[in-house]
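Student: So here's coords_3.txt (compact mmCIF, C-alpha atoms).
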```
# COMPACT_ATOMS: atom_id res chain seq x y z
CA MET B 1 270.13 111.12 303.20
CA ASN B 2 267.66 108.24 302.92
CA GLY B 3 265.64 107.37 299.82
CA TYR B 4 264.34 104.22 298.17
CA VAL B 5 264.55 102.46 294.81
CA GLN B 6 261.49 103.40 292.77
CA SER B 7 262.50 101.26 289.76
CA LEU B 8 265.39 99.38 288.17
CA TRP B 9 266.14 99.30 284.42
CA ARG B 10 268.52 97.68 281.98
CA HIS B 11 269.10 98.48 278.31
CA PRO B 12 270.22 95.21 276.67
CA VAL B 13 270.86 96.89 273.30
CA LYS B 14 272.44 100.32 273.54
CA GLY B 15 269.99 103.03 272.47
CA PHE B 16 266.92 100.78 272.40
CA THR B 17 264.04 99.92 274.74
CA PRO B 18 264.73 99.88 278.51
CA GLU B 19 263.46 96.86 280.45
CA GLY B 20 262.23 97.02 284.03
CA LEU B 21 263.56 94.64 286.69
CA ASN B 22 262.41 93.76 290.20
CA SER B 23 265.82 92.87 291.60
CA VAL B 24 269.47 92.58 290.54
CA GLN B 25 272.75 91.39 291.99
CA LEU B 26 275.35 94.15 291.69
CA ARG B 27 278.97 93.00 291.48
CA ALA B 28 281.99 94.97 292.60
CA ASP B 29 283.81 96.72 289.73
CA ALA B 30 281.14 95.60 287.24
CA CYS B 31 278.46 97.36 285.21
CA PHE B 32 274.72 97.04 285.83
CA PRO B 33 273.56 93.48 285.02
CA GLY B 34 272.26 92.99 281.48
CA ASP B 35 272.96 96.59 280.50
CA ARG B 36 274.37 97.60 277.08
CA LEU B 37 275.28 94.04 276.15
CA TYR B 38 274.99 94.87 272.47
CA ALA B 39 275.39 97.95 270.30
CA VAL B 40 274.56 98.59 266.66
CA GLU B 41 277.48 100.10 264.79
CA ASP B 42 276.48 102.73 262.19
CA GLY B 43 279.43 102.47 259.85
CA PRO B 44 282.90 101.33 261.01
CA SER B 45 283.53 102.34 264.63
CA GLY B 46 286.99 100.89 265.12
CA PHE B 47 285.76 98.63 267.94
CA ASP B 48 288.14 95.72 268.60
CA PRO B 49 286.62 92.92 270.73
CA ALA B 50 290.12 91.64 271.50
CA ASN B 51 291.05 95.03 272.97
CA PRO B 52 287.77 96.76 273.88
CA VAL B 53 287.99 100.44 274.74
CA HIS B 54 285.33 103.10 275.15
CA ILE B 55 283.88 104.45 271.88
CA SER B 56 281.70 107.54 271.39
CA LYS B 57 277.95 106.94 271.26
CA GLN B 58 277.92 108.78 267.92
CA LYS B 59 279.35 105.64 266.32
CA PHE B 60 276.14 103.74 267.11
CA THR B 61 272.41 103.84 266.40
CA VAL B 62 271.35 105.84 269.46
CA LEU B 63 268.83 108.62 270.12
CA ALA B 64 271.51 111.29 270.06
CA LYS B 65 272.08 110.39 266.41
CA ILE B 66 268.88 108.74 265.09
CA VAL B 67 265.70 109.86 266.89
CA ALA B 68 263.58 107.25 265.06
CA VAL B 69 265.18 104.60 267.28
CA ALA B 70 262.75 105.70 270.03
CA ARG B 71 259.81 104.33 268.04
CA ILE B 72 261.28 100.83 267.87
CA ARG B 73 260.29 98.47 270.70
CA THR B 74 262.67 95.69 271.69
CA ARG B 75 262.65 92.92 274.28
CA TYR B 76 265.57 90.65 275.11
CA ASP B 77 265.21 87.06 276.35
CA ASP B 78 268.31 86.20 278.40
CA ALA B 79 267.76 82.46 278.46
CA ALA B 80 267.35 82.16 274.68
CA GLY B 81 269.63 85.04 273.76
CA GLU B 82 266.82 86.29 271.51
CA LEU B 83 265.70 89.81 270.75
CA GLU B 84 262.20 90.71 269.64
CA ALA B 85 261.98 93.99 267.70
CA ARG B 86 258.82 95.78 266.58
CA LEU B 87 257.91 98.97 264.75
CA GLU B 88 254.35 99.93 263.89
CA GLY B 89 253.57 99.15 260.27
CA LYS B 90 256.57 96.81 259.87
CA GLU B 91 256.97 93.06 260.16
CA PRO B 92 258.37 92.20 263.62
CA LEU B 93 261.66 90.38 264.05
CA ARG B 94 262.95 87.69 266.35
CA ALA B 95 266.69 87.14 266.20
CA ARG B 96 269.20 85.27 268.34
CA LEU B 97 271.83 87.88 269.17
CA THR B 98 274.17 85.29 270.61
CA ASP B 99 274.64 84.01 267.03
CA GLU B 100 276.28 85.88 264.15
CA ILE B 101 273.37 85.02 261.85
CA GLY B 102 270.90 86.51 264.32
CA ARG B 103 272.96 89.68 264.72
CA GLU B 104 273.11 90.04 260.93
CA ALA B 105 269.33 89.59 260.75
CA PHE B 106 268.74 92.36 263.30
CA ALA B 107 271.13 94.68 261.46
CA ALA B 108 269.33 94.01 258.16
CA TRP B 109 265.91 94.63 259.74
CA LEU B 110 267.10 97.91 261.26
CA SER B 111 268.56 99.04 257.94
CA GLN B 112 265.17 98.48 256.33
CA VAL B 113 263.03 100.19 258.96
CA LEU B 114 265.36 103.15 259.59
CA GLY B 115 266.03 103.78 255.92
CA ASP B 116 267.78 107.06 255.15
CA ASP B 117 268.37 107.79 258.85
CA VAL B 118 271.20 105.27 258.77
CA GLY B 119 274.59 106.75 257.94
CA GLY B 120 276.53 103.58 257.09
CA ASN B 121 276.43 99.79 257.10
CA LEU B 122 274.88 98.52 260.33
CA LYS B 123 276.57 95.81 262.36
CA VAL B 124 275.47 94.43 265.73
CA LEU B 125 278.37 94.19 268.16
CA ARG B 126 278.42 91.87 271.18
CA ALA B 127 280.25 93.03 274.31
CA PRO B 128 283.17 90.74 275.17
CA GLY B 129 283.72 89.63 278.77
CA ASP B 130 282.80 92.30 281.32
CA TYR B 131 283.02 95.13 278.79
CA ARG B 132 279.80 97.07 278.16
CA PHE B 133 278.86 99.73 275.59
CA MET B 134 278.40 102.51 278.14
CA ASP B 135 278.08 106.22 277.32
CA HIS B 136 281.04 106.98 279.59
CA PRO B 137 284.10 104.84 280.34
CA GLN B 138 283.23 104.99 284.06
CA GLY B 139 279.46 104.68 283.64
CA PHE B 140 279.18 101.48 285.68
CA VAL B 141 275.75 102.18 287.22
CA SER B 142 273.60 105.27 286.63
CA ILE B 143 271.23 106.78 289.19
CA VAL B 144 268.60 109.48 288.63
CA ASN B 145 266.82 111.34 291.41
CA LEU B 146 263.13 111.64 290.50
CA ALA B 147 262.74 114.76 292.64
CA SER B 148 265.35 116.47 290.46
CA VAL B 149 263.40 115.54 287.33
CA ARG B 150 260.19 116.94 288.84
CA ASP B 151 262.00 120.15 289.75
CA LEU B 152 263.22 120.43 286.15
CA SER B 153 259.65 119.84 284.95
CA GLU B 154 258.47 122.80 287.02
CA ARG B 155 261.19 125.00 285.53
CA VAL B 156 260.30 123.89 281.99
CA GLY B 157 256.55 124.21 282.55
CA ARG B 158 255.74 120.70 281.31
CA THR B 159 256.35 117.13 282.43
CA VAL B 160 259.81 115.77 281.66
CA ASP B 161 259.57 111.97 281.42
CA PRO B 162 262.35 110.42 283.56
CA ARG B 163 262.85 107.76 280.88
CA ARG B 164 264.60 110.41 278.78
CA PHE B 165 267.63 109.91 281.03
CA ARG B 166 267.87 106.13 280.49
CA ALA B 167 269.11 105.39 284.01
CA ASN B 168 269.58 102.05 285.75
CA VAL B 169 268.21 103.17 289.11
CA TYR B 170 265.48 105.75 289.78
CA VAL B 171 265.31 107.00 293.36
CA GLU B 172 262.50 108.60 295.36
CA HIS B 173 262.57 110.59 298.60
CA TRP B 174 265.84 112.42 298.02
CA PRO B 175 265.77 116.23 297.98
CA ALA B 176 266.03 117.62 294.47
CA TRP B 177 269.64 117.82 293.20
CA ILE B 178 271.19 116.49 296.43
CA GLU B 179 272.95 113.85 294.31
CA THR B 180 275.08 116.49 292.55
CA GLU B 181 276.44 118.02 295.76
CA PRO B 182 280.25 117.65 295.95
CA SER B 183 279.92 116.53 299.58
CA ILE B 184 278.33 113.24 298.46
CA GLY B 185 280.90 110.45 298.18
CA SER B 186 279.09 107.13 298.50
CA VAL B 187 275.68 105.54 297.92
CA THR B 188 274.30 102.40 299.56
CA LEU B 189 271.97 100.58 297.15
CA GLY B 190 270.12 97.86 299.01
CA GLY B 191 272.87 95.43 300.02
CA ALA B 192 275.51 96.94 297.75
CA GLU B 193 277.96 99.73 298.47
CA THR B 194 279.03 102.19 295.78
CA THR B 195 281.20 105.25 295.38
CA VAL B 196 280.16 108.28 293.34
CA VAL B 197 282.20 108.62 290.14
CA LYS B 198 280.76 111.81 288.65
CA PRO B 199 277.56 113.67 287.71
CA ILE B 200 276.11 112.67 284.33
CA VAL B 201 276.43 115.37 281.67
CA ARG B 202 273.37 115.24 279.45
CA CYS B 203 273.22 115.39 275.65
CA ILE B 204 270.61 115.90 272.94
CA ALA B 205 269.31 112.33 273.36
CA THR B 206 267.22 113.73 276.25
CA HIS B 207 265.40 116.02 273.80
CA VAL B 208 263.54 113.03 272.34
CA ASP B 209 260.15 111.91 273.66
CA PRO B 210 260.62 108.20 274.54
CA ASP B 211 257.15 107.29 273.26
CA THR B 212 256.75 109.30 270.07
CA GLY B 213 260.36 109.64 268.97
CA GLU B 214 259.78 113.35 268.41
CA THR B 215 262.28 116.02 269.47
CA ASP B 216 260.17 118.28 271.66
CA ILE B 217 262.10 119.64 274.70
CA ASP B 218 265.58 121.17 274.70
CA VAL B 219 266.52 119.52 278.00
CA VAL B 220 270.19 120.48 277.75
CA ARG B 221 269.37 124.19 277.44
CA ALA B 222 266.72 123.91 280.17
CA LEU B 223 269.25 122.41 282.59
CA TYR B 224 271.82 125.09 281.87
CA ASP B 225 269.34 127.96 282.04
CA ALA B 226 267.83 126.72 285.30
CA TYR B 227 270.90 125.46 287.16
CA GLY B 228 274.02 126.57 285.29
CA HIS B 229 275.03 122.97 284.45
CA ARG B 230 274.00 120.06 282.22
CA TYR B 231 273.87 117.40 284.95
CA CYS B 232 271.04 115.01 285.69
CA GLY B 233 271.94 111.90 287.64
CA ILE B 234 275.21 110.37 288.80
CA TYR B 235 277.45 107.48 287.87
CA VAL B 236 278.50 105.19 290.70
CA LYS B 237 280.94 102.28 290.96
CA VAL B 238 280.11 99.19 293.01
CA VAL B 239 282.76 98.56 295.68
CA ARG B 240 280.90 95.88 297.67
CA SER B 241 278.67 93.37 295.92
CA GLY B 242 275.07 92.99 297.01
CA ARG B 243 271.47 92.60 295.91
CA VAL B 244 269.22 95.58 295.29
CA SER B 245 265.47 95.38 294.76
CA VAL B 246 262.64 97.80 294.07
CA GLY B 247 261.68 99.37 297.40
CA ASP B 248 265.14 98.97 298.95
CA GLY B 249 266.78 101.88 300.72
CA VAL B 250 269.21 104.14 298.86
CA ASN B 251 271.35 106.19 301.19
CA LEU B 252 273.77 109.02 300.42
CA ALA B 253 276.81 109.68 302.57
CA ALA B 254 279.86 111.93 302.67
CA PRO B 255 283.22 110.49 301.54
```
Can I see the file as structure tokens?
Tutor:
Amino acid sequence: MNGYVQSLWRHPVKGFTPEGLNSVQLRADACFPGDRLYAVEDGPSGFDPANPVHISKQKFTVLAKIVAVARIRTRYDDAAGELEARLEGKEPLRARLTDEIGREAFAAWLSQVLGDDVGGNLKVLRAPGDYRFMDHPQGFVSIVNLASVRDLSERVGRTVDPRRFRANVYVEHWPAWIETEPSIGSVTLGGAETTVVKPIVRCIATHVDPDTGETDIDVVRALYDAYGHRYCGIYVKVVRSGRVSVGDGVNLAAP
């Protein structure tokens, strides 16, 4: 089943603003480039950089826990290692996340602007090596089918913004929900080959409008009522490295 890449996105800081990309080099057995490089711990999470293992998103400042995060706008500069953070009515911040001082400055700024929404002391964590702060231990690369989102919108009776699903790759020209069929085993993304790991089970983070930060649609209930599941999108693992760009073909195949 042939489709094409409508857009590519990374999320440098887990839970914060996605950033669009024109092209990326996917590496075998690696996560999406520049994705979830940092996470903001809300109280002690038990994360050990010397022995990094998957930790629940509820340990971090993410939409599923603090909806006000959606109103903060961030932008990460790879070359400088700097993050710019803005919230209307607050002084903006520029901090070098590659330095401990910069990470402490971002944590302090967040504590101030989020106020009582914060549950504990904030600390910005940096992912060691190839580890990334993914929502699932096998969430290497996430793909969302835009036709599926439009079909859900029709069932809900209002537009569901695809950004609610915080995917790396958004695909056009696939039939709605074809990606969740058990007969699908692999996906070719531009010059890269991937295998399907699993459908993505959605949580209450999708209930939050990505622009306003308001909780306005019970997406989880809508998915279950309409389709009998809570899936939207799939996780894939890169098995052959290659470049993928906006407009490239995205092809589904049986195992």
Student: Quick one: everything within 7 Å of segment 64-75 of chain B, counting only C-alpha atoms, minus sequence neighbours fewer than 2 positions away in the same chain. Send it as a VMD selection string.
Tutor: chain B and resid 16 to 17 58 61 to 62 77 83 to 87 117 204 to 205 208 210 to 213
Student: Using 10 Å as the limit and counting only C-alpha atoms, can you tabulate each residue of segment 144-236 of chain B that touches segment 252-255 of chain B, with its shortest atom-to-atom distance in Å and the two atoms involved, as CSV?
Tutor:
```
residue,atom,partner,partner_atom,distance
B:Trp174,CA,B:Leu252,CA,9.0
B:Ile178,CA,B:Leu252,CA,8.9
B:Glu179,CA,B:Leu252,CA,7.8
B:Glu181,CA,B:Ala254,CA,9.8
B:Pro182,CA,B:Ala254,CA,8.8
B:Ser183,CA,B:Ala254,CA,5.5
B:Ile184,CA,B:Ala254,CA,4.7
B:Gly185,CA,B:Pro255,CA,4.1
B:Ser186,CA,B:Ala253,CA,5.3
B:Val187,CA,B:Leu252,CA,4.7
B:Thr188,CA,B:Leu252,CA,6.7
B:Leu189,CA,B:Leu252,CA,9.2
B:Thr194,CA,B:Leu252,CA,9.8
B:Thr195,CA,B:Pro255,CA,8.3
B:Val196,CA,B:Pro255,CA,9.0
```
Student: List the spatial neighbours of Cys203 of chain B as a PyMOL selection string - criterion: any atom at most 9 Å away, all atoms listed in the file, same-chain residues fewer than 5 positions off excluded.
Tutor: chain B and resi 64+219-220+230
Student: So which residues touch Val239 of chain B within 10 Å, counting all atoms listed in the file, skipping near sequence neighbours fewer than 5 positions away, as a ChimeraX atom specification?
Tutor: /B:26-30,186,192-195
Student: Compile the contact shell of segment 128-130 of chain B as a count of residues only: residues with an atom at most 12 Å away, counting all atoms listed in the file, same-chain residues fewer than 5 positions apart removed.
Tutor: 22
Student: Using all atoms listed in the file, which residue out of B:Pro137, B:Gly15, B:Gly157, B:Pro162 lies closest to Ile55 of chain B?
Tutor: B:Pro137
Student: Mind giving me the straight-line distance from atom CA of Gly46 of chain B to atom CA of Trp109 of chain B in Å, one decimal?
Tutor: 22.6 Å
Student: Taking into account all atoms listed in the file, which residue in the set B:Leu223, B:Ser45, B:Gly242, B:Arg126 is nearest to Asp151 of chain B?
Tutor: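 Going through B:Leu223, B:Ser45, B:Gly242, B:Arg126 one by one, the smallest distance to Asp151 of chain B is for B:Leu223.
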Student: Pick from B:Val201, B:Val160, B:Leu110, B:Ile143: nearest to Gln6 of chain B, with only C-alpha atoms counted?
Tutor: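 Between B:Val201, B:Val160, B:Leu110, B:Ile143, the residue approaching Gln6 of chain B most closely is B:Ile143.
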Student: Quick one: everything within 10 Å of Gly191 of chain B, counting only C-alpha atoms, minus sequence neighbours fewer than 3 positions away in the same chain. Send it as a ChimeraX atom specification.
Tutor: /B:25-26,188,240-245,248-250
Student: Counting all atoms listed in the file, write as a PyMOL selection string all protein and nucleic acid residues lying at most 8 Å from (260.6, 102.5, 291.8) in the file's frame.
Tutor: chain B and resi 4-8+170-172+246-247
Student: Which residue gives the smallest distance to Ser56 of chain B among B:Ala226, B:Val13, B:Val236, B:Met134, with all atoms listed in the file counted?
Tutor: B:Met134
Student: Which one is closest to Arg132 of chain B: B:Asp225, B:Arg10, B:Gly120, B:Ala176? Count all atoms listed in the file.
Tutor: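 For Arg132 of chain B, the nearest of the given residues is B:Arg10.
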Student: Point out the residue among B:Leu114, B:Trp9, B:Ala95, B:Ser142 with the least atom-to-atom distance to Val24 of chain B, counting only C-alpha atoms.
Tutor: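 Once distances to Val24 of chain B are computed over only C-alpha atoms, the minimum belongs to B:Trp9.
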Student: In Å to one decimal, how far is atom CA of Glu91 of chain B from atom CA of Arg163 of chain B?
Tutor: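 Pair atom CA of Arg163 of chain B / atom CA of Glu91 of chain B returns 26.1 Å.
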Student: I'd like the interatomic distance between atom CA of Lys59 of chain B and atom CA of Glu41 of chain B, to a tenth of an Å.
Tutor: 6.0 Å
